[in-house]
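Visitor: Got a file for you: final_6.cif, mmCIF, C-alpha atoms.
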data_target
loop_
_atom_site.label_atom_id
_atom_site.label_comp_id
_atom_site.auth_asym_id
_atom_site.auth_seq_id
_atom_site.Cartn_x
_atom_site.Cartn_y
_atom_site.Cartn_z
CA MET A 1 5.73 -15.88 -21.63
CA ARG A 2 8.64 -13.70 -20.59
CA THR A 3 7.33 -13.68 -17.01
CA ASN A 4 7.27 -17.48 -17.05
CA ILE A 5 10.83 -17.68 -18.33
CA LEU A 6 12.00 -15.26 -15.66
CA LYS A 7 10.02 -17.10 -12.99
CA TRP A 8 11.54 -20.45 -13.88
CA ALA A 9 15.01 -18.98 -14.27
CA GLY A 10 14.60 -17.55 -10.80
CA ILE A 11 13.40 -20.88 -9.42
CA PHE A 12 16.32 -22.78 -10.95
CA LEU A 13 18.76 -20.17 -9.73
CA LEU A 14 17.32 -20.34 -6.25
CA CYS A 15 17.56 -24.14 -6.36
CA VAL A 16 21.21 -23.97 -7.43
CA VAL A 17 21.99 -21.53 -4.65
CA LEU A 18 20.13 -23.56 -2.03
CA GLN A 19 21.59 -26.85 -3.30
CA THR A 20 25.13 -25.54 -2.89
CA THR A 21 24.65 -23.62 0.35
CA VAL A 22 21.79 -24.78 2.58
CA VAL A 23 21.16 -28.34 1.42
CA PRO A 24 24.55 -29.73 2.54
CA LEU A 25 23.72 -28.49 6.03
CA ILE A 26 20.43 -30.34 6.25
CA GLY A 27 21.77 -33.70 5.06
CA LEU A 28 20.77 -36.77 7.07
CA SER A 29 23.48 -39.45 7.24
CA GLY A 30 24.95 -38.08 4.03
CA ILE A 31 21.60 -38.06 2.22
CA THR A 32 20.60 -34.72 0.78
CA PRO A 33 17.53 -33.71 -1.22
CA ASP A 34 18.00 -32.92 -4.92
CA LEU A 35 16.21 -29.62 -5.36
CA LEU A 36 17.28 -29.24 -8.99
CA MET A 37 15.64 -32.53 -9.79
CA VAL A 38 12.44 -31.46 -8.05
CA ALA A 39 12.47 -28.16 -9.94
CA LEU A 40 13.07 -29.93 -13.23
CA PHE A 41 10.19 -32.31 -12.52
CA PHE A 42 7.70 -29.50 -11.91
CA PHE A 43 9.08 -27.56 -14.84
CA ALA A 44 8.52 -30.57 -17.08
CA LEU A 45 4.96 -30.97 -15.81
CA LYS A 46 4.21 -27.33 -16.51
CA THR A 47 5.95 -26.79 -19.82
CA GLY A 48 6.14 -30.12 -21.55
CA GLN A 49 8.79 -32.37 -23.02
CA MET A 50 10.55 -30.12 -25.51
CA THR A 51 11.67 -27.47 -23.07
CA ALA A 52 12.15 -30.00 -20.27
CA VAL A 53 14.59 -31.98 -22.42
CA TRP A 54 16.84 -28.99 -23.11
CA VAL A 55 16.58 -27.54 -19.62
CA GLY A 56 17.37 -31.00 -18.22
CA PHE A 57 20.32 -31.34 -20.58
CA PHE A 58 21.85 -27.99 -19.65
CA LEU A 59 21.14 -28.39 -15.94
CA GLY A 60 22.84 -31.78 -16.02
CA LEU A 61 25.72 -30.38 -18.03
CA GLY A 62 26.14 -27.63 -15.47
CA GLN A 63 26.21 -30.19 -12.69
CA ASP A 64 28.78 -32.22 -14.62
CA LEU A 65 31.02 -29.23 -15.08
CA PHE A 66 30.92 -28.27 -11.44
CA SER A 67 31.11 -31.75 -9.94
CA THR A 68 33.43 -34.72 -10.09
CA SER A 69 31.09 -36.84 -12.22
CA ILE A 70 31.86 -37.93 -15.77
CA LEU A 71 31.14 -35.19 -18.28
CA GLY A 72 27.75 -35.91 -19.84
CA GLN A 73 26.60 -38.27 -17.08
CA ASN A 74 24.16 -35.87 -15.42
CA ALA A 75 23.34 -34.28 -18.77
CA LEU A 76 22.13 -37.64 -20.13
CA SER A 77 20.24 -38.66 -17.00
CA LYS A 78 18.50 -35.32 -16.62
CA THR A 79 17.66 -35.17 -20.35
CA ILE A 80 15.85 -38.50 -20.06
CA ALA A 81 14.26 -37.51 -16.74
CA GLY A 82 12.99 -34.27 -18.28
CA TYR A 83 11.67 -36.13 -21.28
CA PHE A 84 9.88 -38.63 -19.07
CA ALA A 85 8.35 -36.06 -16.72
CA GLY A 86 7.40 -33.80 -19.62
CA PHE A 87 5.29 -36.60 -21.01
CA PHE A 88 2.79 -35.88 -18.21
CA ASN A 89 2.45 -32.23 -19.14
CA GLU A 90 -0.46 -30.62 -17.27
CA ARG A 91 -1.70 -29.11 -20.51
CA VAL A 92 -2.19 -32.59 -21.94
CA MET A 93 -3.45 -34.50 -18.93
CA ARG A 94 -4.64 -33.82 -15.42
CA VAL A 95 -2.24 -35.19 -12.81
CA ASP A 96 -3.42 -35.35 -9.21
CA ILE A 97 -1.13 -35.06 -6.21
CA VAL A 98 -0.76 -38.80 -5.55
CA PHE A 99 0.11 -39.42 -9.15
CA GLN A 100 2.57 -36.55 -9.02
CA ILE A 101 4.30 -38.14 -6.02
CA VAL A 102 4.57 -41.46 -7.81
CA LEU A 103 5.81 -39.72 -10.95
CA LEU A 104 8.42 -37.81 -9.01
CA LEU A 105 9.72 -41.00 -7.43
CA VAL A 106 9.81 -42.73 -10.81
CA THR A 107 11.61 -39.74 -12.34
CA PHE A 108 14.16 -39.94 -9.55
CA PHE A 109 14.63 -43.64 -10.17
CA LEU A 110 14.96 -43.13 -13.90
CA ASN A 111 17.46 -40.34 -13.47
CA ASP A 112 19.58 -42.26 -10.97
CA ALA A 113 19.32 -45.48 -12.91
CA ILE A 114 20.80 -43.85 -16.01
CA TYR A 115 23.40 -42.13 -13.85
CA PHE A 116 24.48 -45.38 -12.18
CA ILE A 117 24.40 -47.33 -15.45
CA VAL A 118 26.78 -44.82 -17.01
CA GLN A 119 28.90 -45.10 -13.88
CA VAL A 120 29.03 -48.89 -14.14
CA VAL A 121 29.73 -48.84 -17.87
CA ILE A 122 32.61 -46.42 -17.50
CA ALA A 123 34.08 -47.46 -14.17
CA GLY A 124 33.06 -51.12 -14.12
CA GLY A 125 30.73 -53.13 -11.93
CA GLY A 126 27.53 -55.05 -12.52
CA THR A 127 23.78 -54.80 -12.48
CA GLY A 128 23.86 -55.64 -8.80
CA LYS A 129 25.76 -52.48 -8.07
CA VAL A 130 23.18 -50.39 -9.92
CA VAL A 131 20.34 -51.99 -7.94
CA HIS A 132 22.25 -51.64 -4.70
CA ASP A 133 22.95 -47.96 -5.34
CA LEU A 134 19.35 -47.35 -6.31
CA ALA A 135 18.18 -48.92 -3.08
CA VAL A 136 20.74 -47.34 -0.81
CA ALA A 137 21.10 -43.90 -2.33
CA THR A 138 18.12 -43.17 -4.55
CA VAL A 139 15.25 -44.25 -2.31
CA PRO A 140 16.17 -42.09 0.69
CA ARG A 141 17.21 -39.21 -1.54
CA ALA A 142 13.93 -39.36 -3.49
CA LEU A 143 11.89 -39.53 -0.30
CA TYR A 144 13.79 -36.67 1.28
CA SER A 145 13.35 -34.61 -1.90
CA LEU A 146 9.65 -35.49 -1.86
CA LEU A 147 9.27 -33.47 1.34
CA PHE A 148 10.43 -30.39 -0.53
CA ALA A 149 8.35 -31.28 -3.55
CA LEU A 150 5.26 -31.29 -1.33
CA LEU A 151 5.87 -27.71 -0.18
CA PRO A 152 4.10 -26.10 -3.16
CA TYR A 153 1.20 -28.55 -2.70
CA ILE A 154 0.99 -27.75 1.03
CA ARG A 155 1.03 -24.07 0.22
CA GLU A 156 -1.78 -24.50 -2.30
CA ARG A 157 -3.76 -26.77 0.02
CA PHE A 158 -3.52 -24.83 3.28
CA MET A 159 -2.84 -21.28 2.04
CA PRO A 160 -5.26 -20.65 -0.83
CA THR A 161 -4.52 -17.74 -3.15
CA SER A 162 -7.17 -15.49 -1.54
CA SER A 163 -5.78 -15.92 1.98
CA ARG A 164 -2.23 -15.34 0.80
CA ARG A 165 -2.98 -11.77 -0.15
CA MET B 166 15.44 -32.52 -48.19
CA ARG B 167 12.09 -31.04 -47.39
CA TRP B 168 10.72 -34.30 -46.06
CA ILE B 169 13.64 -34.55 -43.67
CA LEU B 170 12.79 -31.11 -42.32
CA GLU B 171 9.14 -32.05 -41.99
CA LEU B 172 10.12 -35.24 -40.19
CA ILE B 173 12.31 -33.31 -37.79
CA ILE B 174 9.51 -30.82 -37.07
CA ARG B 175 6.99 -33.57 -36.61
CA TYR B 176 9.18 -35.56 -34.23
CA ARG B 177 10.97 -32.58 -32.76
CA VAL B 178 10.75 -33.83 -29.20
CA VAL B 179 12.29 -37.17 -30.08
CA VAL B 180 14.89 -35.39 -32.17
CA ALA B 181 15.65 -33.12 -29.25
CA VAL B 182 15.99 -36.07 -26.87
CA LEU B 183 18.19 -37.89 -29.36
CA ALA B 184 20.35 -34.84 -29.99
CA ALA B 185 20.79 -34.13 -26.28
CA SER B 186 21.38 -37.81 -25.52
CA CYS B 187 23.88 -38.15 -28.36
CA ALA B 188 25.73 -35.09 -27.18
CA SER B 189 25.78 -36.47 -23.64
CA LEU B 190 26.93 -39.91 -24.82
CA TRP B 191 29.60 -38.34 -26.99
CA MET B 192 30.90 -36.50 -23.96
CA ILE B 193 30.70 -39.64 -21.82
CA ALA B 194 32.52 -41.71 -24.42
CA SER B 195 35.24 -39.15 -24.95
CA PRO B 196 38.67 -39.87 -23.49
CA PRO B 197 39.42 -38.01 -20.26
CA LEU B 198 41.69 -35.52 -22.03
CA ARG B 199 39.00 -34.56 -24.51
CA GLN B 200 36.44 -34.41 -21.68
CA ALA B 201 38.63 -31.95 -19.87
CA LYS B 202 39.03 -29.95 -23.05
CA THR B 203 35.27 -29.95 -23.70
CA ALA B 204 34.56 -29.03 -20.10
CA ARG B 205 36.99 -26.15 -20.34
CA LEU B 206 35.46 -25.01 -23.62
CA LEU B 207 31.93 -25.20 -22.20
CA THR B 208 32.94 -23.45 -19.04
CA ILE B 209 34.56 -20.64 -20.98
CA SER B 210 31.89 -20.26 -23.66
CA VAL B 211 28.63 -20.98 -21.81
CA PHE B 212 28.96 -21.09 -18.07
CA TYR B 213 31.77 -18.64 -17.57
CA PRO B 214 29.78 -15.73 -19.12
CA LEU B 215 26.86 -16.68 -16.90
CA GLN B 216 29.17 -16.80 -13.92
CA ILE B 217 30.57 -13.41 -14.92
CA THR B 218 27.04 -12.05 -15.11
CA PHE B 219 26.29 -13.34 -11.62
CA ASP B 220 29.62 -12.04 -10.40
CA GLN B 221 28.82 -8.65 -11.87
CA MET B 222 25.44 -8.70 -10.16
CA THR B 223 27.13 -9.56 -6.87
CA LYS B 224 29.72 -6.88 -7.53
CA ALA B 225 26.99 -4.37 -8.32
CA LYS B 226 25.39 -5.22 -4.98
CA ASN B 227 28.78 -4.87 -3.29
CA ILE B 228 29.35 -1.57 -5.07
CA TYR B 229 26.03 -0.35 -3.76
CA ALA B 230 26.97 -1.33 -0.22
CA GLU B 231 30.45 0.12 -0.73
CA ASN B 232 28.94 3.31 -2.07
CA ARG B 233 26.79 3.69 1.02
CA HIS B 234 29.79 2.99 3.22
CA LEU B 235 31.92 5.51 1.31
CA LYS B 236 29.19 8.12 1.51
CA GLY B 237 29.24 7.70 5.28
CA GLU B 238 33.01 8.02 5.27
CA VAL B 239 32.84 11.13 3.08
CA ALA B 240 30.37 12.70 5.49
CA LEU B 241 32.65 11.85 8.41
CA LEU B 242 35.76 13.13 6.62
CA THR B 243 33.97 16.30 5.54
CA ALA B 244 33.09 16.94 9.17
CA GLN B 245 36.68 16.23 10.17
CA VAL B 246 38.03 18.54 7.45
CA ALA B 247 35.68 21.29 8.60
CA GLN B 248 36.84 20.74 12.16
CA LEU B 249 40.49 20.84 11.09
CA LYS B 250 39.90 24.01 9.09
CA ASP B 251 38.28 25.56 12.13
CA GLU B 252 41.22 24.48 14.28
CA LYS B 253 43.62 25.87 11.69
CA ILE B 254 41.86 29.23 11.75
CA GLU B 255 41.86 29.20 15.54
CA ASN B 256 45.51 28.24 15.54
CA GLU B 257 46.41 31.10 13.20
CA ARG B 258 44.39 33.51 15.27
CA LEU B 259 46.04 32.36 18.50
CA ARG B 260 49.45 32.60 16.85
CA GLY B 261 48.57 36.15 15.86
CA LEU B 262 47.42 36.91 19.36
CA PHE B 263 50.57 35.41 20.78
CA GLY B 264 52.56 37.65 18.46
CA PHE B 265 50.47 40.60 19.57
CA GLU B 266 51.10 39.68 23.20
CA GLN B 267 54.82 39.53 22.47
CA ARG B 268 54.77 42.87 20.67
CA MET B 269 52.71 44.60 23.34
CA PRO B 270 55.09 46.59 25.56
CA LEU B 271 52.48 46.95 28.30
CA ASP B 272 51.43 44.50 30.96
CA ILE B 273 48.32 42.79 29.68
CA ILE B 274 45.86 40.20 30.95
CA PRO B 275 44.67 37.81 28.22
CA VAL B 276 40.98 37.12 28.69
CA SER B 277 38.26 35.15 26.95
CA ILE B 278 34.72 36.28 26.42
CA VAL B 279 32.32 34.26 28.55
CA ALA B 280 29.11 36.18 27.93
CA ARG B 281 27.82 38.64 25.38
CA ASP B 282 25.28 41.35 25.39
CA PRO B 283 22.10 39.78 23.97
CA SER B 284 21.18 42.92 22.03
CA PRO B 285 21.55 42.80 18.23
CA VAL B 286 24.31 45.37 18.40
CA LEU B 287 26.96 43.99 20.69
CA LYS B 288 27.56 46.71 23.27
CA SER B 289 29.23 44.85 26.11
CA VAL B 290 30.80 41.53 26.94
CA VAL B 291 31.80 39.70 30.09
CA VAL B 292 35.33 38.35 30.30
CA ASN B 293 36.87 35.74 32.56
CA ALA B 294 39.10 37.93 34.68
CA GLY B 295 38.15 40.04 37.66
CA LYS B 296 39.53 41.17 40.94
CA ASP B 297 41.35 37.88 41.27
CA LYS B 298 43.63 38.96 38.42
CA GLY B 299 43.97 42.55 39.45
CA VAL B 300 41.45 44.03 37.04
CA LEU B 301 40.31 47.53 37.91
CA THR B 302 37.42 49.66 36.63
CA PHE B 303 38.23 51.75 33.52
CA MET B 304 41.15 49.61 32.48
CA PRO B 305 41.40 49.69 28.69
CA VAL B 306 40.59 46.56 26.75
CA VAL B 307 42.17 45.89 23.37
CA GLY B 308 42.00 43.23 20.73
CA GLU B 309 44.46 42.17 18.10
CA GLY B 310 43.39 44.89 15.70
CA GLY B 311 42.85 47.76 18.03
CA ILE B 312 40.90 49.08 20.98
CA ALA B 313 37.80 47.19 22.06
CA GLY B 314 36.44 49.10 25.03
CA LYS B 315 36.96 49.54 28.73
CA VAL B 316 36.19 47.69 31.93
CA VAL B 317 33.10 49.16 33.56
CA GLN B 318 32.37 46.62 36.26
CA VAL B 319 34.69 44.27 38.11
CA MET B 320 33.48 41.15 39.84
CA PRO B 321 35.55 38.61 41.80
CA SER B 322 36.46 36.56 38.75
CA LEU B 323 34.63 38.31 35.91
CA SER B 324 34.55 41.75 34.41
CA GLN B 325 32.12 43.60 32.23
CA VAL B 326 33.64 45.37 29.25
CA GLN B 327 31.81 48.26 27.63
CA LEU B 328 32.66 48.09 23.95
CA ILE B 329 33.33 51.09 21.73
CA ARG B 330 30.06 50.24 20.05
CA ASP B 331 28.11 51.52 22.99
CA PRO B 332 26.91 55.03 22.04
CA LEU B 333 27.62 56.05 25.63
CA ASN B 334 31.25 55.05 25.27
CA ARG B 335 33.29 57.86 23.79
CA THR B 336 36.95 57.69 23.06
CA SER B 337 39.36 60.45 22.36
CA ILE B 338 41.06 59.87 19.02
CA LEU B 339 43.86 61.31 16.96
CA VAL B 340 44.66 61.33 13.26
CA ARG B 341 48.14 59.87 13.18
CA ARG B 342 49.29 61.85 10.17
CA SER B 343 47.92 65.31 10.98
CA ARG B 344 47.54 64.94 14.77
CA ALA B 345 43.97 66.23 14.55
CA VAL B 346 42.02 65.31 17.66
CA SER B 347 38.38 64.28 17.92
CA ILE B 348 36.01 61.94 19.70
CA LEU B 349 35.07 58.55 18.38
CA GLU B 350 31.30 58.40 18.38
CA THR B 351 28.51 56.17 17.23
CA GLU B 352 24.78 56.61 17.21
CA ASN B 353 23.65 53.16 16.23
CA GLY B 354 26.61 51.05 17.35
CA ILE B 355 27.58 50.21 13.80
CA ASP B 356 28.65 53.41 12.07
CA PHE B 357 31.51 55.25 13.76
CA PHE B 358 32.47 58.76 13.10
CA GLY B 359 34.50 61.65 14.42
CA LEU B 360 33.76 65.35 14.10
CA PHE B 361 36.77 67.39 13.13
CA ARG B 362 37.11 71.09 12.69
CA THR B 363 36.73 72.11 9.08
CA HIS B 364 40.26 73.36 8.78
CA GLU B 365 41.78 70.12 10.13
CA ASP B 366 43.64 67.95 7.66
CA VAL B 367 41.75 64.70 7.61
CA ARG B 368 41.68 62.50 4.52
CA ASP B 369 40.27 59.18 3.47
CA GLY B 370 42.48 56.31 4.61
CA ASP B 371 44.03 58.21 7.51
CA THR B 372 44.90 56.05 10.47
CA ILE B 373 43.08 56.88 13.65
CA VAL B 374 44.69 56.08 16.99
CA THR B 375 43.85 56.86 20.59
CA SER B 376 44.95 60.30 21.64
CA GLY B 377 45.84 59.44 25.22
CA LEU B 378 43.41 62.06 26.43
CA GLY B 379 40.46 61.05 28.52
CA GLY B 380 42.45 59.10 31.02
CA ILE B 381 41.56 55.63 29.82
CA TYR B 382 43.55 54.64 26.75
CA PRO B 383 47.20 55.37 26.40
CA ARG B 384 48.21 57.28 23.28
CA GLY B 385 48.77 55.48 20.02
CA PHE B 386 46.45 52.48 20.28
CA PRO B 387 45.00 51.73 16.81
CA VAL B 388 41.34 52.57 16.44
CA GLY B 389 40.62 52.40 12.71
CA VAL B 390 40.91 54.25 9.45
CA VAL B 391 38.99 57.15 7.97
CA ASP B 392 36.54 55.68 5.56
CA ARG B 393 34.96 58.81 4.13
CA ILE B 394 34.74 62.54 4.77
CA ILE B 395 31.21 63.80 4.75
CA ASP B 396 30.85 67.47 3.98
CA GLU B 397 27.56 68.49 5.57
CA ARG B 398 28.13 72.13 4.77
CA ASP B 399 28.68 72.77 8.45
CA PRO B 400 30.90 75.86 8.80
CA LEU B 401 32.50 74.53 11.97
CA PHE B 402 32.85 70.74 11.68
CA LYS B 403 33.28 68.05 9.13
CA LYS B 404 32.31 64.46 9.75
CA ALA B 405 34.74 61.61 9.10
CA THR B 406 33.30 58.13 9.13
CA ILE B 407 35.71 55.68 10.71
CA LYS B 408 36.05 51.99 10.06
CA PRO B 409 37.25 50.27 13.24
CA SER B 410 40.31 48.09 12.85
CA LEU B 411 38.96 45.51 15.29
CA ASP B 412 36.31 43.09 14.08
CA ILE B 413 33.92 43.53 16.97
CA ASP B 414 31.36 41.08 15.62
CA HIS B 415 33.80 38.20 15.93
CA LEU B 416 35.50 38.84 19.21
CA GLU B 417 36.79 35.82 21.09
CA GLU B 418 39.95 36.80 22.90
CA LEU B 419 40.72 40.19 24.39
CA PHE B 420 43.48 41.77 26.46
CA ILE B 421 42.96 43.94 29.47
CA VAL B 422 45.80 46.43 29.67
CA ARG B 423 47.02 46.55 33.24
CA LEU B 424 47.23 50.29 33.26
CA PRO B 425 45.95 52.17 36.28
CA PRO B 426 43.47 54.61 34.77
CA GLN B 427 44.30 58.22 35.22
CA TRP B 428 40.72 58.63 36.27
CA ASN B 429 41.55 57.00 39.58
CA ALA B 430 44.32 59.50 40.31
CA PHE B 431 42.08 62.32 39.21
CA ARG B 432 39.29 61.10 41.43
CA ALA B 433 41.68 60.65 44.33
CA GLN B 434 42.87 64.21 43.93
CA LEU B 435 39.27 65.47 43.69
CA ASP B 436 38.39 63.53 46.85
CA SER B 437 41.36 64.96 48.74
CA LEU B 438 40.45 68.49 47.60
CA GLN B 439 36.89 68.00 48.78
CA ARG B 440 38.11 66.66 52.11
CA GLN B 441 40.41 69.70 52.50
CA ARG B 442 37.44 71.98 52.01
#
Taking this structure as input, can you express it in the form of structure tokens?

Guide:
Amino acid sequence: MRTNILKWAGIFLLCVVLQTTVVPLIGLSGITPDLLMVALFFFALKTGQMTAVWVGFFLGLGQDLFSTSILGQNALSKTIAGYFAGFFNERVMRVDIVFQIVLLLVTFFLNDAIYFIVQVVIAGGGTGKVVHDLAVATVPRALYSLLFALLPYIRERFMPTSSRR
Amino acid sequence: MRWILELIIRYRVVVAVLAASCASLWMIASPPLRQAKTARLLTISVFYPLQITFDQMTKAKNIYAENRHLKGEVALLTAQVAQLKDEKIENERLRGLFGFEQRMPLDIIPVSIVARDPSPVLKSVVVNAGKDKGVLTFMPVVGEGGIAGKVVQVMPSLSQVQLIRDPLNRTSILVRRSRAVSILETENGIDFFGLFRTHEDVRDGDTIVTSGLGGIYPRGFPVGVVDRIIDERDPLFKKATIKPSLDIDHLEELFIVRLPPQWNAFRAQLDSLQRQR
């Protein structure tokens, strides 16, 4: 239990460090992967909704505090994203890789949709803006993030545990 | 009340989502001023301690690196201090020698030791002055504290000095206080002694100087002090152990006294007498 907590704390910390240092350097036309979102997604799959909700909330809150977004905007979107992803907890149901990819994309959409809706409600705009932002920003970002999300799968697939020793 | 608690436990996930969402919405709906205040409060109470922890971890890592760097510096500085101490000692010694050179009324040749006798008991050394500087055989050699030996072999630019430690080297000595005369001797190169007649007044702590006899050393050069009188129940002689005033084990600089040895004149006279015959 303690090992798991430390492992995930380490993963989130690594994601925060990479997100703020390396990720901006590998952006393509201003589109960068969201490693925290990927980490939250896998965390939710592994641990379930309860923990994913609170981890999502505090991760989002942290992002809000250290970014220019409205306070609570990321907290709300990540709480919902964590809740949604946690619904497919591996202990409850078996999720294959294709389904995981679809789920990740949906989680991204859900997260960004809430984020953009809050943006529109506070700053003004319409449904069209939300859809436009989802299409322009979320799709490439989700796909780019998917490449990083596939890394653990690739490692499992091509470097089995026995050969990694 | 209990049923509320049961309801919360039963639907804890939903409650958690609602609580987190409500908190988020409350923050979103807050006016900008309150948002800033909340952000500041959260930063100070939750994230700032975390940041401090990470900062401390980073600092600890830096301290480790700094510690290693400082250890290196300490090692370097220690070496430098040791070097400076050595230079200080050398400086003091050279100052002393310079003073000795100034005090010395005779014409002297300052020399450095370039080679030492490999035997455990240092019996002779080679110095960096020879014929080129006017060194002659049997010239006396002195150090800062007293006599060191005599030149026994002269080469073009080097000379071999037989030290008083050599059992074959014997020096005529004199007790400064009582003017008792003897010969400075050694059997092992370490313990020096002089045999005096039993009636001679020789005491512990008496200063021993060269007597001027023997044709090598001029009179009055310091040799050492009487360390102990050994009464061996000899009716004729008593033995006085002598502690040399020159630290022979740590010789570095010496002075050859440019004094034509009386031996040369004596030999010249002997040669002329033989030729006359």

Visitor: Excluding segment 69-84 of chain A and any residue of its chain fewer than 4 positions from it, enumerate the residues within 7 Å of it, using all atoms listed in the file, and give them as an NGL selection string.

Guide: (:A and (40-41 or 44 or 49 or 52-54 or 56-61 or 63-65 or 107 or 110-111 or 114-115 or 118)) or (:B and (182 or 185-186 or 189-190 or 192-193 or 200))

Visitor: Take the PyMOL selection byres ((chain B and resi 295-298) around 7), run it mentally on this structure, and tell me the resulting residues as a PyMOL selection string.

Guide: chain B and resi 293-294+299-300+319-324

Visitor: Output C-alpha atoms of each residue in that selection to a file, as a CSV table (one decimal), in the coordinates of the input.

Guide:
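Output contents, as saved in again-v9.csv:
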chain,number,residue,atom,x,y,z
B,293,ASN,CA,36.9,35.7,32.6
B,294,ALA,CA,39.1,37.9,34.7
B,299,GLY,CA,44.0,42.6,39.4
B,300,VAL,CA,41.4,44.0,37.0
B,319,VAL,CA,34.7,44.3,38.1
B,320,MET,CA,33.5,41.2,39.8
B,321,PRO,CA,35.6,38.6,41.8
B,322,SER,CA,36.5,36.6,38.8
B,323,LEU,CA,34.6,38.3,35.9
B,324,SER,CA,34.6,41.8,34.4

Visitor: Could you state which residues are captured by the PyMOL selection byres ((chain A and resi 147) around 12) in this file, as a PyMOL selection string?

Guide: chain A and resi 32-35+38+101+104-105+140-146+148-154

Visitor: So how many Å separate atom CA of Phe158 of chain A and atom CA of Ile97 of chain A, to one decimal?

Guide: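 Going from atom CA of Phe158 of chain A over to atom CA of Ile97 of chain A, I get 14.2 Å.
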
Visitor: I need the residue nearest chain A from this list: B:Val326, B:Ala244, B:Ile173, B:Ala194. Use only C-alpha atoms for the distance.

Guide: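 Among the listed residues, B:Ala194 lies closest to chain A.
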
Visitor: One number please: atom CA of Thr138 of chain A to atom CA of Asp112 of chain A, in Å, one decimal.

Guide: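 Atom-to-atom, atom CA of Thr138 of chain A and atom CA of Asp112 of chain A are spaced 6.6 Å apart.
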
Visitor: Compile the residues of chain B that lie within 12 Å of chain A, evaluated using all atoms listed in the file, and express the compilation as an MDAnalysis selection string.

Guide: chainID B and resid 174 176:209 211:213 215:216 219

Visitor: Could you expand the PyMOL selection byres ((chain B and resi 381-392) around 10) into the explicit residues it covers here, written as JSON, numbers by chain?

Guide: {"B": [302, 303, 304, 305, 306, 307, 308, 309, 310, 311, 312, 313, 314, 315, 316, 329, 336, 337, 338, 339, 340, 341, 349, 357, 358, 359, 367, 368, 369, 370, 371, 372, 373, 374, 375, 376, 377, 378, 379, 380, 393, 394, 395, 405, 406, 407, 408, 409, 410, 411, 422, 424, 425, 426, 427, 428, 429]}

Visitor: Could you please determine the separation between atom CA of Val239 of chain B and atom CA of Asn256 of chain B in Å, to one decimal place?

Guide: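 It comes out at 24.7 Å.
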
Visitor: Atoms are missing here; could segment 41-50 of chain A be completed with N, CA, C and O atoms and written as a PDB file, in the coordinates of the input?

Guide:
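Saved the output as part.pdb:
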ATOM      1  N   PHE A  41      11.404 -31.508 -12.433  1.00  0.00           N
ATOM      2  CA  PHE A  41      10.190 -32.310 -12.520  1.00  0.00           C
ATOM      3  C   PHE A  41       8.955 -31.413 -12.686  1.00  0.00           C
ATOM      4  O   PHE A  41       8.143 -31.599 -13.592  1.00  0.00           O
ATOM      5  N   PHE A  42       8.854 -30.396 -11.818  1.00  0.00           N
ATOM      6  CA  PHE A  42       7.700 -29.500 -11.910  1.00  0.00           C
ATOM      7  C   PHE A  42       7.726 -28.665 -13.191  1.00  0.00           C
ATOM      8  O   PHE A  42       6.695 -28.383 -13.782  1.00  0.00           O
ATOM      9  N   PHE A  43       8.935 -28.308 -13.599  1.00  0.00           N
ATOM     10  CA  PHE A  43       9.080 -27.560 -14.840  1.00  0.00           C
ATOM     11  C   PHE A  43       8.567 -28.384 -16.019  1.00  0.00           C
ATOM     12  O   PHE A  43       7.852 -27.891 -16.897  1.00  0.00           O
ATOM     13  N   ALA A  44       8.943 -29.671 -16.005  1.00  0.00           N
ATOM     14  CA  ALA A  44       8.520 -30.570 -17.080  1.00  0.00           C
ATOM     15  C   ALA A  44       6.996 -30.725 -17.089  1.00  0.00           C
ATOM     16  O   ALA A  44       6.366 -30.714 -18.154  1.00  0.00           O
ATOM     17  N   LEU A  45       6.431 -30.839 -15.896  1.00  0.00           N
ATOM     18  CA  LEU A  45       4.960 -30.970 -15.810  1.00  0.00           C
ATOM     19  C   LEU A  45       4.270 -29.723 -16.349  1.00  0.00           C
ATOM     20  O   LEU A  45       3.223 -29.802 -16.965  1.00  0.00           O
ATOM     21  N   LYS A  46       4.849 -28.589 -16.105  1.00  0.00           N
ATOM     22  CA  LYS A  46       4.210 -27.330 -16.510  1.00  0.00           C
ATOM     23  C   LYS A  46       4.416 -27.008 -17.987  1.00  0.00           C
ATOM     24  O   LYS A  46       3.535 -26.470 -18.645  1.00  0.00           O
ATOM     25  N   THR A  47       5.619 -27.301 -18.486  1.00  0.00           N
ATOM     26  CA  THR A  47       5.950 -26.790 -19.820  1.00  0.00           C
ATOM     27  C   THR A  47       5.984 -27.848 -20.919  1.00  0.00           C
ATOM     28  O   THR A  47       5.970 -27.497 -22.105  1.00  0.00           O
ATOM     29  N   GLY A  48       6.121 -29.084 -20.525  1.00  0.00           N
ATOM     30  CA  GLY A  48       6.140 -30.120 -21.550  1.00  0.00           C
ATOM     31  C   GLY A  48       7.526 -30.663 -21.852  1.00  0.00           C
ATOM     32  O   GLY A  48       8.529 -30.203 -21.307  1.00  0.00           O
ATOM     33  N   GLN A  49       7.554 -31.616 -22.785  1.00  0.00           N
ATOM     34  CA  GLN A  49       8.790 -32.370 -23.020  1.00  0.00           C
ATOM     35  C   GLN A  49       9.908 -31.555 -23.670  1.00  0.00           C
ATOM     36  O   GLN A  49      11.057 -31.637 -23.266  1.00  0.00           O
ATOM     37  N   MET A  50       9.535 -30.782 -24.698  1.00  0.00           N
ATOM     38  CA  MET A  50      10.550 -30.120 -25.510  1.00  0.00           C
ATOM     39  C   MET A  50      11.472 -29.251 -24.648  1.00  0.00           C
ATOM     40  O   MET A  50      12.696 -29.388 -24.688  1.00  0.00           O
TER      41      MET A  50
END
